[in-house]
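Participant: Below is the file work.csv, which contains CSV, C-alpha atoms and all ligand atoms.
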chain,number,residue,atom,x,y,z
D,1,MET,CA,84.3,130.8,27.8
D,2,SER,CA,83.4,128.7,30.8
D,3,ILE,CA,86.0,127.4,33.2
D,4,SER,CA,86.0,123.6,33.5
D,5,PRO,CA,86.2,122.1,36.9
D,6,ALA,CA,89.1,119.8,37.7
D,7,ILE,CA,88.4,116.1,37.7
D,8,THR,CA,90.5,113.1,38.9
D,9,ALA,CA,91.7,110.6,36.2
D,10,TYR,CA,93.9,107.5,36.3
D,11,ILE,CA,96.4,106.7,33.7
D,12,GLY,CA,98.1,103.3,33.1
D,13,ILE,CA,101.7,103.5,31.8
D,14,GLY,CA,103.6,100.6,30.2
D,15,SER,CA,106.9,100.3,28.3
D,16,ASN,CA,109.0,97.3,27.3
D,17,LEU,CA,111.5,98.8,24.8
D,18,ILE,CA,114.6,101.1,25.0
D,19,ASP,CA,115.1,102.0,28.7
D,20,PRO,CA,111.6,101.5,30.0
D,21,VAL,CA,112.2,102.9,33.5
D,22,ASN,CA,113.5,106.2,32.2
D,23,LYS,CA,110.7,106.3,29.6
D,24,ILE,CA,108.2,106.1,32.3
D,25,LYS,CA,109.8,108.7,34.5
D,26,SER,CA,110.0,111.1,31.6
D,27,ALA,CA,106.4,110.5,30.6
D,28,VAL,CA,105.3,111.3,34.2
D,29,GLN,CA,107.2,114.6,34.0
D,30,ALA,CA,105.8,115.4,30.6
D,31,ILE,CA,102.2,114.8,31.9
D,32,ASP,CA,102.9,117.0,35.0
D,33,SER,CA,104.3,119.8,32.8
D,34,ILE,CA,101.1,120.3,30.9
D,35,ASP,CA,99.3,123.3,32.4
D,36,THR,CA,95.9,121.6,32.6
D,37,MET,CA,97.3,118.6,34.4
D,38,GLN,CA,98.8,117.9,37.8
D,39,VAL,CA,100.2,114.5,38.9
D,40,LEU,CA,98.7,113.8,42.4
D,41,GLN,CA,100.1,110.3,42.9
D,42,CYS,CA,102.4,107.8,41.1
D,43,SER,CA,102.5,104.2,42.0
D,44,SER,CA,105.7,102.3,42.4
D,45,LEU,CA,107.2,100.9,39.2
D,46,TYR,CA,106.4,97.2,38.6
D,47,SER,CA,107.9,94.6,36.2
D,48,SER,CA,105.6,92.0,34.6
D,49,PRO,CA,105.9,89.3,31.9
D,50,PRO,CA,104.1,90.3,28.7
D,51,MET,CA,100.4,89.7,28.4
D,52,GLY,CA,99.8,88.6,24.9
D,53,PRO,CA,102.6,87.5,22.5
D,54,GLN,CA,105.5,86.1,24.6
D,55,ASP,CA,108.3,87.0,22.1
D,56,GLN,CA,108.8,90.4,23.6
D,57,PRO,CA,110.7,91.7,26.7
D,58,ASP,CA,109.1,92.1,30.1
D,59,TYR,CA,107.2,95.3,30.7
D,60,ILE,CA,107.6,98.1,33.3
D,61,ASN,CA,104.3,99.4,34.4
D,62,ALA,CA,102.9,102.1,36.7
D,63,VAL,CA,99.6,103.9,37.4
D,64,LEU,CA,99.2,107.7,37.9
D,65,GLU,CA,96.5,109.7,39.6
D,66,ILE,CA,96.1,113.1,38.0
D,67,SER,CA,93.9,116.1,38.4
D,68,THR,CA,92.9,117.8,35.1
D,69,THR,CA,90.6,120.4,33.7
D,70,ALA,CA,91.1,118.8,30.2
D,71,SER,CA,88.2,117.0,28.6
D,72,ALA,CA,88.6,113.2,28.2
D,73,LEU,CA,89.3,113.6,24.5
D,74,LYS,CA,91.8,116.4,25.1
D,75,LEU,CA,93.5,114.2,27.7
D,76,LEU,CA,93.6,111.4,25.1
D,77,HIS,CA,95.2,113.7,22.5
D,78,CYS,CA,97.8,115.0,25.0
D,79,LEU,CA,98.7,111.4,26.0
D,80,GLN,CA,99.0,110.4,22.3
D,81,SER,CA,101.4,113.2,21.6
D,82,ILE,CA,103.5,112.3,24.6
D,83,GLU,CA,103.6,108.7,23.3
D,84,ASN,CA,104.7,110.0,19.9
D,85,ASN,CA,107.4,112.2,21.4
D,86,HIS,CA,108.8,109.1,23.2
D,87,GLY,CA,109.2,107.3,19.9
D,88,ARG,CA,105.9,105.4,19.9
D,89,VAL,CA,105.2,103.6,16.6
D,90,ARG,CA,102.1,101.6,16.3
D,91,LYS,CA,103.1,98.2,14.9
D,92,GLN,CA,101.7,94.8,15.7
D,93,ARG,CA,98.6,94.7,17.9
D,94,TRP,CA,99.7,93.6,21.4
D,95,GLY,CA,103.3,93.8,20.3
D,96,ALA,CA,106.3,95.5,22.1
D,97,ARG,CA,105.9,99.2,22.6
D,98,THR,CA,108.2,102.1,23.7
D,99,LEU,CA,105.5,103.8,25.6
D,100,ASP,CA,101.8,103.2,26.2
D,101,LEU,CA,99.6,105.7,28.1
D,102,ASP,CA,96.0,104.5,28.7
D,103,ILE,CA,93.2,106.4,30.3
D,104,LEU,CA,91.9,103.9,32.8
D,105,LEU,CA,89.3,106.2,34.5
D,106,TYR,CA,88.1,109.7,33.9
D,107,ALA,CA,86.1,110.9,37.0
D,108,ASP,CA,83.2,108.5,37.3
D,109,GLU,CA,82.3,108.7,33.6
D,110,SER,CA,81.5,105.9,31.3
D,111,ILE,CA,82.7,106.9,27.8
D,112,ASN,CA,82.0,104.8,24.6
D,113,LEU,CA,83.6,106.4,21.6
D,114,SER,CA,85.3,104.7,18.6
D,115,ASN,CA,88.7,105.9,19.9
D,116,LEU,CA,88.1,105.9,23.6
D,117,ILE,CA,86.4,103.5,26.0
D,118,VAL,CA,86.4,104.4,29.7
D,119,PRO,CA,86.7,102.7,32.1
D,120,HIS,CA,89.5,100.9,30.2
D,121,ILE,CA,88.1,97.4,29.3
D,122,GLY,CA,91.3,95.7,30.3
D,123,ILE,CA,91.2,96.8,34.0
D,124,PRO,CA,89.6,93.6,35.5
D,125,ASP,CA,92.1,91.2,33.9
D,126,ARG,CA,95.3,93.1,34.2
D,127,ALA,CA,97.4,92.6,37.3
D,128,PHE,CA,99.8,95.2,36.0
D,129,VAL,CA,97.0,97.8,36.2
D,130,LEU,CA,95.0,96.5,39.3
D,131,TYR,CA,97.9,96.2,41.8
D,132,PRO,CA,99.5,99.6,41.1
D,133,LEU,CA,96.1,101.2,41.2
D,134,TYR,CA,95.3,99.5,44.5
D,135,GLU,CA,98.6,100.8,45.9
D,136,ILE,CA,97.5,104.4,45.4
D,137,VAL,CA,93.7,104.2,45.8
D,138,PRO,CA,92.8,101.1,47.7
D,139,ARG,CA,89.2,102.1,48.3
D,140,LEU,CA,88.4,102.9,44.7
D,141,ILE,CA,85.0,101.9,43.3
D,142,ILE,CA,85.2,101.5,39.5
D,143,PRO,CA,82.1,102.3,37.3
D,144,GLN,CA,80.8,99.0,35.8
D,145,PHE,CA,83.5,96.9,37.5
D,146,GLY,CA,82.9,97.6,41.2
D,147,SER,CA,85.3,97.5,44.1
D,148,LEU,CA,89.0,97.6,43.3
D,149,GLU,CA,89.7,95.5,46.4
D,150,THR,CA,87.4,92.7,45.1
D,151,LEU,CA,89.0,92.9,41.6
D,152,VAL,CA,92.5,92.6,43.0
D,153,SER,CA,91.6,89.6,45.2
D,154,ALA,CA,90.3,87.8,42.1
D,155,CYS,CA,93.3,88.6,39.9
D,156,PRO,CA,96.5,86.4,40.2
D,157,LEU,CA,99.8,88.4,40.3
D,158,ALA,CA,100.9,86.7,37.0
D,159,GLY,CA,104.6,87.4,37.7
D,160,LEU,CA,104.1,91.0,38.6
D,161,LYS,CA,106.9,92.4,40.8
D,162,LYS,CA,107.4,95.7,42.5
D,163,LEU,CA,110.8,97.1,41.5
O,201,LIG,N1,101.7,93.2,29.2
O,201,LIG,C1,102.2,93.8,30.3
O,201,LIG,N2,102.8,93.0,31.2
O,201,LIG,N3,102.2,95.1,30.5
O,201,LIG,C2,101.7,96.0,29.6
O,201,LIG,O1,101.7,97.2,29.8
O,201,LIG,C3,101.1,95.4,28.4
O,201,LIG,N4,100.6,96.2,27.5
O,201,LIG,C4,100.0,95.7,26.4
O,201,LIG,C5,99.9,94.3,26.1
O,201,LIG,C6,100.5,94.0,24.8
O,201,LIG,C7,98.5,93.8,26.2
O,201,LIG,N5,100.6,93.5,27.1
O,201,LIG,C8,101.2,94.0,28.3
O,201,LIG,O2,99.4,96.6,25.5
Spell out the structure here as C-alpha cells.
Facilitator:
Amino acid sequence: MSISPAITAYIGIGSNLIDPVNKIKSAVQAIDSIDTMQVLQCSSLYSSPPMGPQDQPDYINAVLEISTTASALKLLHCLQSIENNHGRVRKQRWGARTLDLDILLYADESINLSNLIVPHIGIPDRAFVLYPLYEIVPRLIIPQFGSLETLVSACPLAGLKKL
C-alpha cells in the first residue's frame, strides 16, 4: 500500500443551535483527534446573522486549516460522521443546524462530484467564510476564485462580528 502525502485543507464550521460555541470547540477537537488529521490553525470564532431564511438564530462560524493524508472523500465522510455525532439532522435546506462542516479547499484541487464540490461554491459570497479564512491565510489564492484579499475587499461584512 502506498503512503499518501499530507495536503493542506480548509474547513468551514457553522452552528446556530444548542450551545454553538461549545459545539464548534468540540468539533475542532474531534477533527484533531483523527489520526490522519492535524489542526494547524483555527480562526477566531465569529457571530453572523443567518444567510438565507431569517427565522433562525444567529450563527457562530470559524475556519480551520488542517493537514491530512486522507483523500477528499475520506475527509468528507469523517466530517459527516462528526456532524452526526454532534446531533446533526438534515431538515430544511438552508435551515438551522447544530453543526455544519464544509470542505472549503482541498490542496489546490478542483473537485466536481455529485456529493462534493471543491472549492466550495459559497466561498465568494460568504463573509462568514472569507473573513475567518483571511485571518489565518491572508495571502491565499483560491483555485477558480483568485486572490482571497480581493474577494474579502469585495464582500460586505453583513453583520459578521469577531467574538
Ligand atoms: N448563515 C450564516 N451566517 N452562517 C452559516 O454558517 C450559514 N450556513 C448555512 C446557511 C443556511 C446558508 N446560512 C448560514 O448553511
Participant: With distances taken over all atoms listed in the file, which of D:Pro138, D:Pro20, D:Gly14, D:Pro156 is nearest to Trp94 in chain D?
Facilitator: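 For Trp94 in chain D, the nearest of the candidates is D:Gly14.
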Participant: As a quick test: using only C-alpha atoms and all ligand atoms, which residues lie no more than 12 Å away from ligand LIG 201 (chain O)? Give them as a PDB file with C-alpha atoms, in the coordinates of the input.
Facilitator:
ATOM      1  CA  ILE D  11      96.400 106.700  33.700  1.00  0.00           C
ATOM      2  CA  GLY D  12      98.100 103.300  33.100  1.00  0.00           C
ATOM      3  CA  ILE D  13     101.700 103.500  31.800  1.00  0.00           C
ATOM      4  CA  GLY D  14     103.600 100.600  30.200  1.00  0.00           C
ATOM      5  CA  SER D  15     106.900 100.300  28.300  1.00  0.00           C
ATOM      6  CA  ASN D  16     109.000  97.300  27.300  1.00  0.00           C
ATOM      7  CA  LEU D  17     111.500  98.800  24.800  1.00  0.00           C
ATOM      8  CA  PRO D  20     111.600 101.500  30.000  1.00  0.00           C
ATOM      9  CA  ILE D  24     108.200 106.100  32.300  1.00  0.00           C
ATOM     10  CA  LEU D  45     107.200 100.900  39.200  1.00  0.00           C
ATOM     11  CA  TYR D  46     106.400  97.200  38.600  1.00  0.00           C
ATOM     12  CA  SER D  47     107.900  94.600  36.200  1.00  0.00           C
ATOM     13  CA  SER D  48     105.600  92.000  34.600  1.00  0.00           C
ATOM     14  CA  PRO D  49     105.900  89.300  31.900  1.00  0.00           C
ATOM     15  CA  PRO D  50     104.100  90.300  28.700  1.00  0.00           C
ATOM     16  CA  MET D  51     100.400  89.700  28.400  1.00  0.00           C
ATOM     17  CA  GLY D  52      99.800  88.600  24.900  1.00  0.00           C
ATOM     18  CA  PRO D  53     102.600  87.500  22.500  1.00  0.00           C
ATOM     19  CA  GLN D  54     105.500  86.100  24.600  1.00  0.00           C
ATOM     20  CA  ASP D  55     108.300  87.000  22.100  1.00  0.00           C
ATOM     21  CA  GLN D  56     108.800  90.400  23.600  1.00  0.00           C
ATOM     22  CA  PRO D  57     110.700  91.700  26.700  1.00  0.00           C
ATOM     23  CA  ASP D  58     109.100  92.100  30.100  1.00  0.00           C
ATOM     24  CA  TYR D  59     107.200  95.300  30.700  1.00  0.00           C
ATOM     25  CA  ILE D  60     107.600  98.100  33.300  1.00  0.00           C
ATOM     26  CA  ASN D  61     104.300  99.400  34.400  1.00  0.00           C
ATOM     27  CA  ALA D  62     102.900 102.100  36.700  1.00  0.00           C
ATOM     28  CA  VAL D  63      99.600 103.900  37.400  1.00  0.00           C
ATOM     29  CA  ARG D  90     102.100 101.600  16.300  1.00  0.00           C
ATOM     30  CA  LYS D  91     103.100  98.200  14.900  1.00  0.00           C
ATOM     31  CA  GLN D  92     101.700  94.800  15.700  1.00  0.00           C
ATOM     32  CA  ARG D  93      98.600  94.700  17.900  1.00  0.00           C
ATOM     33  CA  TRP D  94      99.700  93.600  21.400  1.00  0.00           C
ATOM     34  CA  GLY D  95     103.300  93.800  20.300  1.00  0.00           C
ATOM     35  CA  ALA D  96     106.300  95.500  22.100  1.00  0.00           C
ATOM     36  CA  ARG D  97     105.900  99.200  22.600  1.00  0.00           C
ATOM     37  CA  THR D  98     108.200 102.100  23.700  1.00  0.00           C
ATOM     38  CA  LEU D  99     105.500 103.800  25.600  1.00  0.00           C
ATOM     39  CA  ASP D 100     101.800 103.200  26.200  1.00  0.00           C
ATOM     40  CA  LEU D 101      99.600 105.700  28.100  1.00  0.00           C
ATOM     41  CA  ASP D 102      96.000 104.500  28.700  1.00  0.00           C
ATOM     42  CA  HIS D 120      89.500 100.900  30.200  1.00  0.00           C
ATOM     43  CA  ILE D 121      88.100  97.400  29.300  1.00  0.00           C
ATOM     44  CA  GLY D 122      91.300  95.700  30.300  1.00  0.00           C
ATOM     45  CA  ILE D 123      91.200  96.800  34.000  1.00  0.00           C
ATOM     46  CA  ASP D 125      92.100  91.200  33.900  1.00  0.00           C
ATOM     47  CA  ARG D 126      95.300  93.100  34.200  1.00  0.00           C
ATOM     48  CA  ALA D 127      97.400  92.600  37.300  1.00  0.00           C
ATOM     49  CA  PHE D 128      99.800  95.200  36.000  1.00  0.00           C
ATOM     50  CA  VAL D 129      97.000  97.800  36.200  1.00  0.00           C
ATOM     51  CA  LEU D 130      95.000  96.500  39.300  1.00  0.00           C
ATOM     52  CA  PRO D 132      99.500  99.600  41.100  1.00  0.00           C
ATOM     53  CA  LEU D 157      99.800  88.400  40.300  1.00  0.00           C
ATOM     54  CA  ALA D 158     100.900  86.700  37.000  1.00  0.00           C
ATOM     55  CA  GLY D 159     104.600  87.400  37.700  1.00  0.00           C
ATOM     56  CA  LEU D 160     104.100  91.000  38.600  1.00  0.00           C
ATOM     57  CA  LYS D 161     106.900  92.400  40.800  1.00  0.00           C
TER      58      LYS D 161
END
Participant: Would you please work out which residue, of D:Val28, D:Ala9, D:Leu163, D:Ile3, is nearest to His86 in chain D when using all atoms listed in the file?
Facilitator: D:Val28
Participant: For Leu76 in chain D, which of D:Val39, D:Tyr10, D:Ser2, D:Gln29 is the closest residue, counting all atoms listed in the file?
Facilitator: D:Tyr10
Participant: What does the distance between CA of Asn84 in chain D and CA of Ala72 in chain D come to in Å, to one decimal place?
Facilitator: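 Between these atoms lies a distance of 18.4 Å.
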Participant: Under the rule that only C-alpha atoms are counted, which of D:Ser43, D:Thr150, D:Thr68, D:Ser81 is the nearest residue to Ala30 in chain D?
Facilitator: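 Looking only at the distances to Ala30 in chain D, the closest residue turns out to be D:Ser81.
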Participant: Would you mind reading off the distance between CA of Leu105 in chain D and CA of Cys78 in chain D, one decimal, in Å?
Facilitator: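 Atom-to-atom, CA of Leu105 in chain D and CA of Cys78 in chain D are spaced 15.5 Å apart.
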Participant: When you draw a straight line from CA of Glu65 in chain D to CA of Gln41 in chain D, how long is it in Å?
Facilitator: 4.9 Å
Participant: Name the closest residue to Ser114 in chain D among the candidates D:Ile136, D:Leu73, D:Met37, D:Ala6; distances are taken between atoms, counting all atoms listed in the file.
Facilitator: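 Distance minimum relative to Ser114 in chain D lands on D:Leu73.
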